[in-house]
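Q: Sharing work-v3.tsv here; it has TSV, C-alpha atoms.
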chain	number	residue	atom	x	y	z
A	1	MET	CA	21.82	-46.71	-33.24
A	2	SER	CA	22.78	-47.82	-29.71
A	3	ASN	CA	21.26	-49.63	-26.77
A	4	ARG	CA	20.31	-46.34	-25.11
A	5	ILE	CA	16.54	-45.86	-25.02
A	6	ASN	CA	14.97	-42.44	-25.57
A	7	ARG	CA	12.52	-40.70	-23.25
A	8	SER	CA	9.54	-42.51	-24.78
A	9	GLY	CA	11.11	-45.81	-23.72
A	10	LEU	CA	10.29	-47.30	-27.13
A	11	PHE	CA	13.09	-46.63	-29.59
A	12	PRO	CA	16.89	-46.93	-29.54
A	13	ALA	CA	18.55	-43.53	-29.34
A	14	MET	CA	21.90	-42.07	-30.28
A	15	GLU	CA	24.88	-42.53	-27.93
A	16	LYS	CA	24.62	-39.02	-26.53
A	17	PRO	CA	21.12	-37.64	-25.94
A	18	THR	CA	20.44	-34.88	-28.44
A	19	TYR	CA	17.37	-32.68	-28.58
A	20	LEU	CA	16.49	-30.25	-31.34
A	21	TYR	CA	14.09	-27.51	-30.28
A	22	THR	CA	12.24	-25.28	-32.71
A	23	PHE	CA	10.95	-21.90	-31.56
A	24	ALA	CA	9.07	-18.86	-32.83
A	25	SER	CA	8.31	-15.40	-31.50
A	26	HIS	CA	6.74	-12.15	-32.54
A	27	GLU	CA	9.26	-9.46	-33.46
A	28	ALA	CA	8.32	-7.48	-30.33
A	29	GLU	CA	9.28	-10.49	-28.16
A	30	LEU	CA	12.39	-11.65	-30.00
A	31	GLU	CA	14.82	-10.39	-27.34
A	32	LEU	CA	12.72	-11.93	-24.58
A	33	CYS	CA	12.59	-15.24	-26.45
A	34	ARG	CA	16.36	-15.44	-26.82
A	35	MET	CA	16.85	-14.40	-23.19
A	36	GLU	CA	14.58	-17.22	-22.05
A	37	LEU	CA	16.31	-19.79	-24.27
A	38	ARG	CA	19.73	-18.76	-22.91
A	39	ALA	CA	18.45	-19.23	-19.36
A	40	LEU	CA	16.91	-22.65	-20.04
A	41	PHE	CA	19.69	-24.12	-22.18
A	42	GLY	CA	22.79	-22.15	-21.20
A	43	HIS	CA	23.72	-20.96	-24.69
A	44	GLU	CA	22.52	-18.93	-27.66
A	45	PRO	CA	20.21	-20.59	-30.23
A	46	ASP	CA	22.09	-22.36	-33.04
A	47	GLY	CA	19.84	-20.84	-35.72
A	48	THR	CA	17.13	-18.24	-36.12
A	49	ASP	CA	14.44	-20.78	-35.26
A	50	TRP	CA	16.16	-23.85	-33.79
A	51	LEU	CA	18.42	-24.85	-30.93
A	52	GLU	CA	20.34	-28.08	-30.25
A	53	SER	CA	21.01	-29.24	-26.71
A	54	ASP	CA	21.78	-32.31	-24.61
A	55	THR	CA	19.41	-30.87	-21.98
A	56	TRP	CA	15.82	-32.05	-21.82
A	57	VAL	CA	13.25	-29.28	-21.27
A	58	ASP	CA	9.56	-30.04	-21.62
A	59	PRO	CA	8.57	-28.01	-24.72
A	60	ASP	CA	5.37	-27.00	-22.94
A	61	ARG	CA	7.41	-25.05	-20.42
A	62	SER	CA	8.39	-22.29	-22.84
A	63	PRO	CA	5.84	-20.05	-24.58
A	64	PHE	CA	8.25	-19.86	-27.53
A	65	VAL	CA	9.31	-23.48	-28.10
A	66	THR	CA	7.08	-25.03	-30.77
A	67	ALA	CA	8.47	-28.58	-30.82
A	68	CYS	CA	11.25	-30.86	-29.60
A	69	VAL	CA	12.76	-33.65	-31.69
A	70	GLU	CA	14.54	-36.27	-29.57
A	71	VAL	CA	17.03	-37.48	-32.14
A	72	ILE	CA	17.27	-41.21	-32.84
A	73	ALA	CA	18.83	-41.10	-36.34
A	74	ALA	CA	20.94	-38.64	-38.35
A	75	ASP	CA	22.62	-38.63	-41.75
A	76	SER	CA	23.90	-36.32	-44.46
A	77	SER	CA	21.21	-37.19	-47.01
A	78	ILE	CA	17.50	-37.88	-46.81
A	79	GLU	CA	17.96	-41.20	-48.62
A	80	GLN	CA	20.54	-42.46	-46.12
A	81	LEU	CA	18.37	-41.25	-43.25
A	82	ALA	CA	15.46	-43.23	-44.72
A	83	GLU	CA	17.62	-46.37	-44.62
A	84	ARG	CA	18.28	-45.75	-40.92
A	85	ALA	CA	14.60	-45.11	-40.30
A	86	ALA	CA	13.80	-48.55	-41.72
A	87	GLY	CA	15.47	-50.06	-38.64
A	88	ILE	CA	13.28	-48.32	-36.07
A	89	PRO	CA	11.35	-51.08	-34.23
A	90	LEU	CA	7.74	-49.97	-34.63
A	91	ASN	CA	6.49	-53.54	-34.10
A	92	GLY	CA	3.58	-52.97	-36.44
A	93	GLY	CA	2.46	-49.78	-34.69
A	94	THR	CA	1.02	-46.77	-36.48
A	95	PHE	CA	3.16	-43.70	-37.09
A	96	LYS	CA	3.36	-40.28	-38.69
A	97	VAL	CA	6.42	-38.40	-39.92
A	98	ILE	CA	6.21	-34.60	-39.67
A	99	ALA	CA	8.84	-32.48	-41.42
A	100	LEU	CA	9.36	-29.27	-39.45
A	101	GLN	CA	9.81	-25.90	-41.13
A	102	ALA	CA	12.98	-24.83	-39.32
A	103	GLY	CA	16.74	-24.90	-39.85
A	104	ASN	CA	17.51	-25.22	-43.58
A	105	HIS	CA	14.11	-24.10	-44.81
A	106	GLN	CA	12.39	-26.02	-47.60
A	107	SER	CA	9.14	-25.33	-49.41
A	108	TYR	CA	5.89	-26.96	-48.37
A	109	LYS	CA	6.10	-29.30	-51.37
A	110	GLU	CA	9.68	-30.30	-50.53
A	111	LEU	CA	8.82	-31.03	-46.90
A	112	ARG	CA	5.94	-33.30	-47.86
A	113	ALA	CA	8.25	-35.15	-50.28
A	114	MET	CA	10.79	-35.71	-47.49
A	115	GLU	CA	8.05	-37.08	-45.25
A	116	ARG	CA	7.10	-39.60	-47.93
A	117	ILE	CA	10.70	-40.72	-48.49
A	118	VAL	CA	11.35	-41.37	-44.79
A	119	GLY	CA	7.87	-42.64	-43.93
A	120	GLY	CA	7.86	-44.97	-46.92
A	121	SER	CA	10.86	-46.85	-45.54
A	122	MET	CA	9.49	-47.40	-42.03
A	123	LYS	CA	8.15	-50.81	-40.98
A	124	GLY	CA	4.74	-49.84	-39.68
A	125	ARG	CA	1.40	-48.43	-40.79
A	126	ALA	CA	1.18	-44.73	-41.57
A	127	ASP	CA	-1.70	-42.95	-39.83
A	128	MET	CA	-2.12	-39.23	-40.48
A	129	LYS	CA	-4.87	-38.64	-37.86
A	130	THR	CA	-4.25	-40.66	-34.69
A	131	PRO	CA	-0.82	-42.29	-34.91
A	132	GLU	CA	0.67	-44.16	-31.98
A	133	HIS	CA	4.07	-42.62	-32.70
A	134	ARG	CA	4.99	-39.21	-34.08
A	135	PHE	CA	8.40	-38.55	-35.57
A	136	GLY	CA	9.90	-35.15	-36.31
A	137	LEU	CA	12.11	-34.65	-39.35
A	138	LEU	CA	14.44	-31.67	-39.50
A	139	SER	CA	17.18	-30.41	-41.81
A	140	VAL	CA	19.94	-28.47	-40.03
A	141	GLN	CA	23.51	-27.56	-40.98
A	142	GLY	CA	23.33	-29.46	-44.25
A	143	GLY	CA	22.18	-32.76	-42.76
A	144	TRP	CA	18.95	-34.51	-41.73
A	145	LYS	CA	17.80	-35.65	-38.30
A	146	LEU	CA	14.86	-37.80	-37.27
A	147	GLY	CA	13.48	-38.41	-33.81
A	148	VAL	CA	10.55	-38.78	-31.49
A	149	LEU	CA	8.45	-35.62	-31.74
A	150	HIS	CA	7.38	-33.93	-28.50
A	151	LEU	CA	4.78	-31.19	-28.96
A	152	PRO	CA	3.67	-28.66	-26.32
A	153	ARG	CA	0.19	-29.17	-24.88
A	154	ARG	CA	-0.34	-25.44	-24.18
A	155	ALA	CA	-2.74	-26.12	-21.30
A	156	TRP	CA	-1.46	-22.86	-19.80
A	157	HIS	CA	-3.40	-20.96	-22.47
A	158	GLN	CA	-6.36	-21.38	-20.11
A	159	HIS	CA	-4.66	-18.90	-17.82
A	160	LYS	CA	-5.50	-16.08	-20.24
A	161	GLN	CA	-9.09	-16.13	-18.95
A	162	LYS	CA	-8.54	-15.28	-15.29
A	163	PRO	CA	-11.54	-14.16	-13.20
A	164	GLN	CA	-9.50	-11.16	-11.97
A	165	ASN	CA	-6.91	-9.14	-13.89
A	166	TYR	CA	-5.39	-5.74	-14.53
A	167	SER	CA	-5.49	-4.31	-18.06
A	168	THR	CA	-1.74	-3.59	-17.75
A	169	GLY	CA	-0.91	-6.78	-15.84
A	170	LEU	CA	1.61	-9.29	-17.12
A	171	THR	CA	0.20	-11.61	-19.75
A	172	SER	CA	0.38	-15.36	-19.13
A	173	ARG	CA	2.91	-15.61	-21.94
A	174	LEU	CA	5.20	-12.95	-20.50
A	175	ALA	CA	4.80	-14.20	-16.93
A	176	ARG	CA	5.73	-17.72	-18.05
A	177	ALA	CA	8.87	-16.50	-19.80
A	178	LEU	CA	9.90	-14.47	-16.73
A	179	VAL	CA	9.56	-17.52	-14.48
A	180	ASN	CA	11.74	-19.55	-16.86
A	181	ILE	CA	14.41	-16.85	-16.89
A	182	ALA	CA	14.38	-16.45	-13.10
A	183	ALA	CA	14.15	-20.16	-12.24
A	184	PRO	CA	15.51	-22.35	-15.06
A	185	ASP	CA	16.05	-25.00	-12.38
A	186	PRO	CA	12.50	-26.06	-11.41
A	187	ARG	CA	13.76	-27.10	-7.96
A	188	ALA	CA	14.30	-23.46	-7.02
A	189	LYS	CA	11.79	-21.74	-4.75
A	190	LEU	CA	10.45	-18.53	-6.28
A	191	LEU	CA	9.31	-15.28	-4.68
A	192	ASP	CA	6.94	-12.76	-6.26
A	193	PRO	CA	7.02	-9.82	-3.83
A	194	CYS	CA	4.61	-7.60	-5.81
A	195	CYS	CA	2.36	-10.36	-7.04
A	196	GLY	CA	-0.62	-8.31	-8.22
A	197	MET	CA	-3.28	-10.72	-9.49
A	198	GLY	CA	-0.95	-13.72	-9.22
A	199	ASN	CA	-0.01	-14.14	-12.89
A	200	VAL	CA	3.60	-15.13	-12.17
A	201	LEU	CA	2.57	-17.47	-9.34
A	202	ILE	CA	0.07	-19.30	-11.53
A	203	GLU	CA	2.65	-19.91	-14.27
A	204	ALA	CA	5.25	-21.07	-11.74
A	205	LEU	CA	2.82	-23.48	-10.08
A	206	SER	CA	1.72	-24.87	-13.44
A	207	MET	CA	5.37	-25.84	-14.06
A	208	GLY	CA	5.73	-27.48	-10.66
A	209	ILE	CA	7.82	-24.67	-9.17
A	210	ARG	CA	7.33	-23.90	-5.49
A	211	CYS	CA	6.55	-20.24	-4.92
A	212	GLU	CA	5.21	-17.60	-2.56
A	213	GLY	CA	3.80	-14.16	-3.22
A	214	CYS	CA	2.79	-11.02	-1.43
A	215	ASP	CA	1.48	-7.57	-2.18
A	216	ILE	CA	0.93	-4.47	-0.11
A	217	ASN	CA	-2.43	-3.91	-1.82
A	218	PRO	CA	-5.26	-5.92	-0.20
A	219	LEU	CA	-7.35	-5.76	-3.39
A	220	ALA	CA	-4.51	-7.31	-5.40
A	221	VAL	CA	-4.07	-10.11	-2.87
A	222	ARG	CA	-7.79	-10.79	-2.90
A	223	GLY	CA	-7.72	-10.99	-6.71
A	224	ALA	CA	-4.65	-13.25	-6.68
A	225	ARG	CA	-6.37	-15.63	-4.27
A	226	VAL	CA	-9.47	-15.77	-6.46
A	227	ASN	CA	-7.31	-16.56	-9.51
A	228	LEU	CA	-5.23	-19.21	-7.73
A	229	ALA	CA	-8.33	-20.97	-6.41
A	230	HIS	CA	-9.94	-20.78	-9.86
A	231	TYR	CA	-7.14	-22.95	-11.29
A	232	GLY	CA	-7.06	-25.28	-8.30
A	233	TYR	CA	-3.95	-23.88	-6.61
A	234	ASP	CA	-3.38	-23.16	-2.93
A	235	ASP	CA	-4.41	-19.55	-2.35
A	236	SER	CA	-2.68	-19.42	1.05
A	237	ILE	CA	0.70	-18.88	-0.65
A	238	VAL	CA	-0.25	-15.19	-1.07
A	239	ALA	CA	-0.23	-12.71	1.81
A	240	ILE	CA	-0.81	-8.99	2.38
A	241	ARG	CA	2.71	-7.87	3.17
A	242	ASP	CA	5.27	-5.17	2.42
A	243	MET	CA	8.22	-6.75	0.62
A	244	ASN	CA	10.56	-4.50	2.58
A	245	THR	CA	9.66	-6.40	5.77
A	246	LEU	CA	9.99	-9.92	4.33
A	247	GLU	CA	12.05	-12.55	6.13
A	248	GLY	CA	13.45	-15.76	4.73
A	249	HIS	CA	15.46	-16.44	1.58
A	250	PHE	CA	14.62	-17.64	-1.93
A	251	GLU	CA	16.70	-18.98	-4.78
A	252	ALA	CA	14.83	-16.88	-7.34
A	253	ALA	CA	12.41	-13.97	-7.61
A	254	VAL	CA	10.37	-12.07	-10.16
A	255	LEU	CA	9.77	-8.42	-9.27
A	256	ASP	CA	7.39	-6.43	-11.44
A	257	LEU	CA	7.97	-2.96	-10.02
A	258	PRO	CA	4.81	-0.92	-9.44
A	259	TYR	CA	4.05	1.75	-12.00
A	260	ASN	CA	1.34	4.24	-12.76
A	261	VAL	CA	0.63	5.48	-16.25
A	262	CYS	CA	-0.24	8.89	-14.81
A	263	SER	CA	2.66	9.36	-12.38
A	264	VAL	CA	6.28	8.43	-11.74
A	265	PHE	CA	7.16	5.76	-9.17
A	266	PRO	CA	9.38	7.49	-6.56
A	267	GLU	CA	13.06	6.64	-7.00
A	268	GLU	CA	13.54	6.31	-3.25
A	269	ASP	CA	10.88	3.59	-3.13
A	270	GLN	CA	12.53	1.82	-6.07
A	271	ARG	CA	15.91	1.77	-4.29
A	272	ARG	CA	14.38	0.44	-1.10
A	273	MET	CA	12.58	-2.37	-2.93
A	274	LEU	CA	15.69	-3.36	-4.89
A	275	ASN	CA	17.75	-3.43	-1.67
A	276	SER	CA	15.10	-5.57	0.02
A	277	LEU	CA	15.01	-7.96	-2.92
A	278	ARG	CA	18.82	-8.27	-2.78
A	279	ARG	CA	18.45	-9.57	0.79
A	280	SER	CA	15.62	-11.95	-0.12
A	281	ALA	CA	16.81	-13.67	-3.32
A	282	ASP	CA	19.96	-15.00	-4.98
A	283	ARG	CA	18.73	-14.44	-8.52
A	284	ALA	CA	15.99	-12.15	-9.81
A	285	VAL	CA	14.19	-10.99	-12.89
A	286	ILE	CA	13.22	-7.35	-12.44
A	287	VAL	CA	10.64	-5.64	-14.65
A	288	SER	CA	10.23	-1.89	-14.93
A	289	THR	CA	8.85	0.76	-17.24
A	290	GLU	CA	11.71	3.10	-16.29
A	291	PRO	CA	15.54	2.96	-16.53
A	292	LEU	CA	17.08	1.02	-13.62
A	293	ALA	CA	20.74	0.34	-14.42
A	294	GLU	CA	22.13	2.75	-11.83
A	295	GLN	CA	19.71	1.68	-9.08
A	296	LEU	CA	20.45	-2.01	-9.67
A	297	GLU	CA	24.18	-1.41	-9.33
A	298	GLN	CA	23.70	0.60	-6.14
A	299	ALA	CA	21.62	-2.22	-4.65
A	300	GLY	CA	24.43	-4.70	-5.29
A	301	TRP	CA	22.86	-6.51	-8.23
A	302	GLN	CA	24.98	-7.70	-11.15
A	303	VAL	CA	23.07	-7.54	-14.42
A	304	LEU	CA	23.59	-10.75	-16.41
A	305	SER	CA	21.39	-9.78	-19.34
A	306	SER	CA	18.53	-7.47	-20.23
A	307	CYS	CA	15.92	-6.94	-22.89
A	308	ALA	CA	12.77	-5.00	-23.69
A	309	THR	CA	9.33	-6.22	-24.65
A	310	ARG	CA	6.54	-4.16	-26.16
A	311	LYS	CA	2.78	-4.38	-26.34
A	312	GLY	CA	1.61	-1.61	-28.63
A	313	THR	CA	3.19	1.56	-27.26
A	314	PHE	CA	3.64	0.06	-23.77
A	315	GLU	CA	7.23	-1.05	-23.20
A	316	ARG	CA	8.74	-3.00	-20.33
A	317	SER	CA	12.44	-3.40	-19.60
A	318	ILE	CA	13.57	-6.71	-18.12
A	319	TRP	CA	16.81	-7.37	-16.22
A	320	LEU	CA	18.20	-10.71	-15.13
A	321	CYS	CA	20.36	-10.14	-12.05
A	322	GLU	CA	22.39	-12.05	-9.52
Would you mind writing the file's structure down as structure tokens?

A:
Amino acid sequence: MSNRINRSGLFPAMEKPTYLYTFASHEAELELCRMELRALFGHEPDGTDWLESDTWVDPDRSPFVTACVEVIAADSSIEQLAERAAGIPLNGGTFKVIALQAGNHQSYKELRAMERIVGGSMKGRADMKTPEHRFGLLSVQGGWKLGVLHLPRRAWHQHKQKPQNYSTGLTSRLARALVNIAAPDPRAKLLDPCCGMGNVLIEALSMGIRCEGCDINPLAVRGARVNLAHYGYDDSIVAIRDMNTLEGHFEAAVLDLPYNVCSVFPEEDQRRMLNSLRRSADRAVIVSTEPLAEQLEQAGWQVLSSCATRKGTFERSIWLCE
């Protein structure tokens, strides 16, 4: 261990900050999950359910990240790791060790045994219900790592119960992922030019991202304002406006192109909107129920990555463009 202190400010950390993130997704959202992780961390996941990074991202930000272990000790065997854990200065505080089912998967019985080995060496009082300190234990690439465990709060789950919504509108989970892909840097200002009921705006605001929205449909704008006010956000950030007449510039945007289950959205209108978005934003996530590759190229967008997400038989295609 070194003199560097981890994010909790309590325990010595390793020389170089290391974070292990675990994640999970439904099969229908697997591509979306990996696309979001690439945007947030800048590289592909290291395993099927874990990712190592020197970048700190609040695990609550992603709908797919299930935990973050801020590593303070690592070793090749669980016994040697337990010896290192004995030196963690708990100062008599209560603690709990939680072995995570990720990386080199073990059975439930094996994980509990590992918890006992490491926890039994620590100089403190184990408390399974309300510990002062939680530690995550993880086996990856043949070794063991232990660190401060950061769990997502999932307060954004409250956004599922909006006063106003469309049956085919973006879910809170999808909207949150789209914001992360479009604006991995939370300092970016985000535009939602077809904001509907404000789902993207609410997720962005809940992550501290500045944003503005508009919609040509007065009923949508009215619903978005009701939803924003319901969660305590400023409803004046939404206006009745045609995105093709927008002025100003944004670092990022999320455009959920209009669609109708009973008719086709005119291609001419699509092209105009994509051209307008190219003028308004440096980076954009564009969502459509129809093929867009040719139109994106014609509008001057470079596609960095793409994926599809499904809900039943309803499928959306998602493009990340710059």

Q: Distance CA of Ala86 in chain A-CA of Gln101 in chain A, one decimal place?

A: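 These atoms are spaced 23.0 Å apart.
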
Q: What gap, in Å, lies between CA of Ala74 in chain A and CA of Gly92 in chain A?

A: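 That distance, rounded to one decimal, is 22.6 Å.
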
Q: Rank nothing, just name the residue among A:Asp75, A:Asp185, A:Asp54, A:Glu132 nearest to Leu40 in chain A, using all atoms listed in the file.

A: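 Once distances to Leu40 in chain A are computed over all atoms listed in the file, the minimum belongs to A:Asp185.
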
Q: Could you please determine the separation between CA of Phe250 in chain A and CA of Glu267 in chain A in Å, to one decimal place?

A: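 We find that CA of Phe250 in chain A and CA of Glu267 in chain A lie 24.9 Å from each other.
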
Q: Which residues come within 8 Å of Tyr233 in chain A, counting all atoms listed in the file, excluding same-chain residues fewer than 3 positions away, as a compact mmCIF listing (two decimals) with C-alpha atoms, in the frame of the given file?

A:
# COMPACT_ATOMS: atom_id res chain seq x y z
CA ILE A 202 0.07 -19.30 -11.53
CA LEU A 205 2.82 -23.48 -10.08
CA LEU A 228 -5.23 -19.21 -7.73
CA ALA A 229 -8.33 -20.97 -6.41
CA HIS A 230 -9.94 -20.78 -9.86

Q: Point out the residue among A:Arg283, A:Arg38, A:His159, A:His150 with the least atom-to-atom distance to Leu174 in chain A, counting only C-alpha atoms.

A: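 With only C-alpha atoms as the atom set, the closest residue is A:His159.
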
Q: Could you give me, as JSON, numbers by chain, the residues within 10 Å of Arg278 in chain A, counting all atoms listed in the file and dropping anything in the same chain fewer than 2 positions from it?

A: {"A": [249, 253, 272, 273, 274, 275, 276, 280, 281, 282, 283, 284, 296, 299, 300, 301, 321, 322]}

Q: What's around range 103-114 of chain A at 12 Å? Count only C-alpha atoms, leave out sequence neighbours fewer than 5 positions away in its own chain, and write the answer as a CSV table (one decimal) with C-alpha atoms, in the frame of the given file.

A:
chain,number,residue,atom,x,y,z
A,20,LEU,CA,16.5,-30.2,-31.3
A,21,TYR,CA,14.1,-27.5,-30.3
A,22,THR,CA,12.2,-25.3,-32.7
A,23,PHE,CA,11.0,-21.9,-31.6
A,45,PRO,CA,20.2,-20.6,-30.2
A,46,ASP,CA,22.1,-22.4,-33.0
A,47,GLY,CA,19.8,-20.8,-35.7
A,48,THR,CA,17.1,-18.2,-36.1
A,49,ASP,CA,14.4,-20.8,-35.3
A,50,TRP,CA,16.2,-23.8,-33.8
A,51,LEU,CA,18.4,-24.8,-30.9
A,52,GLU,CA,20.3,-28.1,-30.2
A,77,SER,CA,21.2,-37.2,-47.0
A,78,ILE,CA,17.5,-37.9,-46.8
A,79,GLU,CA,18.0,-41.2,-48.6
A,80,GLN,CA,20.5,-42.5,-46.1
A,81,LEU,CA,18.4,-41.2,-43.2
A,82,ALA,CA,15.5,-43.2,-44.7
A,96,LYS,CA,3.4,-40.3,-38.7
A,97,VAL,CA,6.4,-38.4,-39.9
A,98,ILE,CA,6.2,-34.6,-39.7
A,119,GLY,CA,7.9,-42.6,-43.9
A,120,GLY,CA,7.9,-45.0,-46.9
A,121,SER,CA,10.9,-46.8,-45.5
A,136,GLY,CA,9.9,-35.2,-36.3
A,137,LEU,CA,12.1,-34.6,-39.4
A,138,LEU,CA,14.4,-31.7,-39.5
A,139,SER,CA,17.2,-30.4,-41.8
A,140,VAL,CA,19.9,-28.5,-40.0
A,141,GLN,CA,23.5,-27.6,-41.0
A,142,GLY,CA,23.3,-29.5,-44.2
A,143,GLY,CA,22.2,-32.8,-42.8
A,144,TRP,CA,19.0,-34.5,-41.7
A,145,LYS,CA,17.8,-35.6,-38.3
A,146,LEU,CA,14.9,-37.8,-37.3

Q: Would you please work out which residue, of A:Ala308, A:Val118, A:Ser62, A:Ala175, is nearest to Leu30 in chain A when using all atoms listed in the file?

A: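 Among the listed residues, the smallest separation from Leu30 in chain A belongs to A:Ala308.
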
Q: Excluding Phe135 in chain A and residues on its chain fewer than 2 positions from it, collect all residues at most 12 Å away from it, counting all atoms listed in the file, and give them as a PyMOL selection string.

A: chain A and resi 8+11+67-73+85+88+90+94-100+115+118-119+122+126-128+131-133+137-138+145-151

Q: Determine, counting only C-alpha atoms, every residue of protein, DNA or RNA that lies within 6 Å of (1.9, -16.9, -16.3) in the file coordinates, then give the result as a PyMOL selection string.

A: chain A and resi 172-173+175-176+199-200+202-203

Q: Which residues are close to range 58-61 of chain A, i.e. within 6 Å by all atoms listed in the file, leaving aside same-chain residues fewer than 4 positions away? Reply as a list in words.

A: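 Returned residues: Val65, Pro152 and Arg153 of chain A.
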
Q: Quick one: of A:Ile181, A:Ser288, A:Asp234, A:Trp319, who's nearest to Gln302 in chain A, counting only C-alpha atoms?

A: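 Distance minimum relative to Gln302 in chain A lands on A:Trp319.
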
Q: Using all atoms listed in the file, give me every residue within 8 Å of (6.6, -20.0, -6.3) in file coordinates, as number ranges by chain.

A: A: 189-192, 201, 204-205, 209-213

Q: Generate a file for range 139-152 of chain A, containing N, CA, C and O atoms, as an mmCIF file, in the first residue's frame.

A:
data_model
loop_
_atom_site.group_PDB
_atom_site.id
_atom_site.type_symbol
_atom_site.label_atom_id
_atom_site.label_comp_id
_atom_site.auth_asym_id
_atom_site.auth_seq_id
_atom_site.Cartn_x
_atom_site.Cartn_y
_atom_site.Cartn_z
ATOM 1 N N SER A 139 -12.416 -11.652 -8.105
ATOM 2 C CA SER A 139 -11.377 -12.467 -8.720
ATOM 3 C C SER A 139 -11.387 -12.236 -10.226
ATOM 4 O O SER A 139 -12.365 -12.533 -10.903
ATOM 5 N N VAL A 140 -10.281 -11.679 -10.739
ATOM 6 C CA VAL A 140 -10.168 -11.431 -12.183
ATOM 7 C C VAL A 140 -8.782 -11.840 -12.662
ATOM 8 O O VAL A 140 -7.788 -11.662 -11.959
ATOM 9 N N GLN A 141 -8.729 -12.413 -13.848
ATOM 10 C CA GLN A 141 -7.477 -12.779 -14.513
ATOM 11 C C GLN A 141 -6.546 -13.578 -13.591
ATOM 12 O O GLN A 141 -5.347 -13.347 -13.534
ATOM 13 N N GLY A 142 -7.131 -14.491 -12.837
ATOM 14 C CA GLY A 142 -6.347 -15.386 -12.015
ATOM 15 C C GLY A 142 -5.874 -14.838 -10.690
ATOM 16 O O GLY A 142 -5.189 -15.529 -9.929
ATOM 17 N N GLY A 143 -6.217 -13.586 -10.380
ATOM 18 C CA GLY A 143 -5.810 -12.986 -9.108
ATOM 19 C C GLY A 143 -7.008 -12.453 -8.339
ATOM 20 O O GLY A 143 -8.155 -12.549 -8.794
ATOM 21 N N TRP A 144 -6.745 -11.892 -7.149
ATOM 22 C CA TRP A 144 -7.795 -11.357 -6.294
ATOM 23 C C TRP A 144 -7.555 -9.885 -6.009
ATOM 24 O O TRP A 144 -6.405 -9.458 -5.836
ATOM 25 N N LYS A 145 -8.638 -9.123 -5.964
ATOM 26 C CA LYS A 145 -8.539 -7.688 -5.663
ATOM 27 C C LYS A 145 -9.598 -7.321 -4.631
ATOM 28 O O LYS A 145 -10.712 -7.845 -4.642
ATOM 29 N N LEU A 146 -9.211 -6.405 -3.749
ATOM 30 C CA LEU A 146 -10.081 -5.957 -2.668
ATOM 31 C C LEU A 146 -10.091 -4.436 -2.657
ATOM 32 O O LEU A 146 -9.041 -3.805 -2.866
ATOM 33 N N GLY A 147 -11.243 -3.855 -2.418
ATOM 34 C CA GLY A 147 -11.291 -2.396 -2.366
ATOM 35 C C GLY A 147 -12.588 -1.884 -1.791
ATOM 36 O O GLY A 147 -13.509 -2.650 -1.481
ATOM 37 N N VAL A 148 -12.634 -0.575 -1.654
ATOM 38 C CA VAL A 148 -13.847 0.079 -1.163
ATOM 39 C C VAL A 148 -14.951 -0.146 -2.188
ATOM 40 O O VAL A 148 -14.758 0.063 -3.391
ATOM 41 N N LEU A 149 -16.109 -0.579 -1.711
ATOM 42 C CA LEU A 149 -17.222 -0.919 -2.603
ATOM 43 C C LEU A 149 -18.167 0.266 -2.736
ATOM 44 O O LEU A 149 -18.690 0.782 -1.747
ATOM 45 N N HIS A 150 -18.372 0.710 -3.969
ATOM 46 C CA HIS A 150 -19.317 1.779 -4.280
ATOM 47 C C HIS A 150 -20.504 1.145 -5.016
ATOM 48 O O HIS A 150 -20.325 0.537 -6.082
ATOM 49 N N LEU A 151 -21.680 1.282 -4.460
ATOM 50 C CA LEU A 151 -22.885 0.718 -5.069
ATOM 51 C C LEU A 151 -23.784 1.822 -5.603
ATOM 52 O O LEU A 151 -23.885 2.900 -4.994
ATOM 53 N N PRO A 152 -24.458 1.597 -6.724
ATOM 54 C CA PRO A 152 -25.372 2.617 -7.262
ATOM 55 C C PRO A 152 -26.601 2.792 -6.383
ATOM 56 O O PRO A 152 -27.124 1.830 -5.827
#
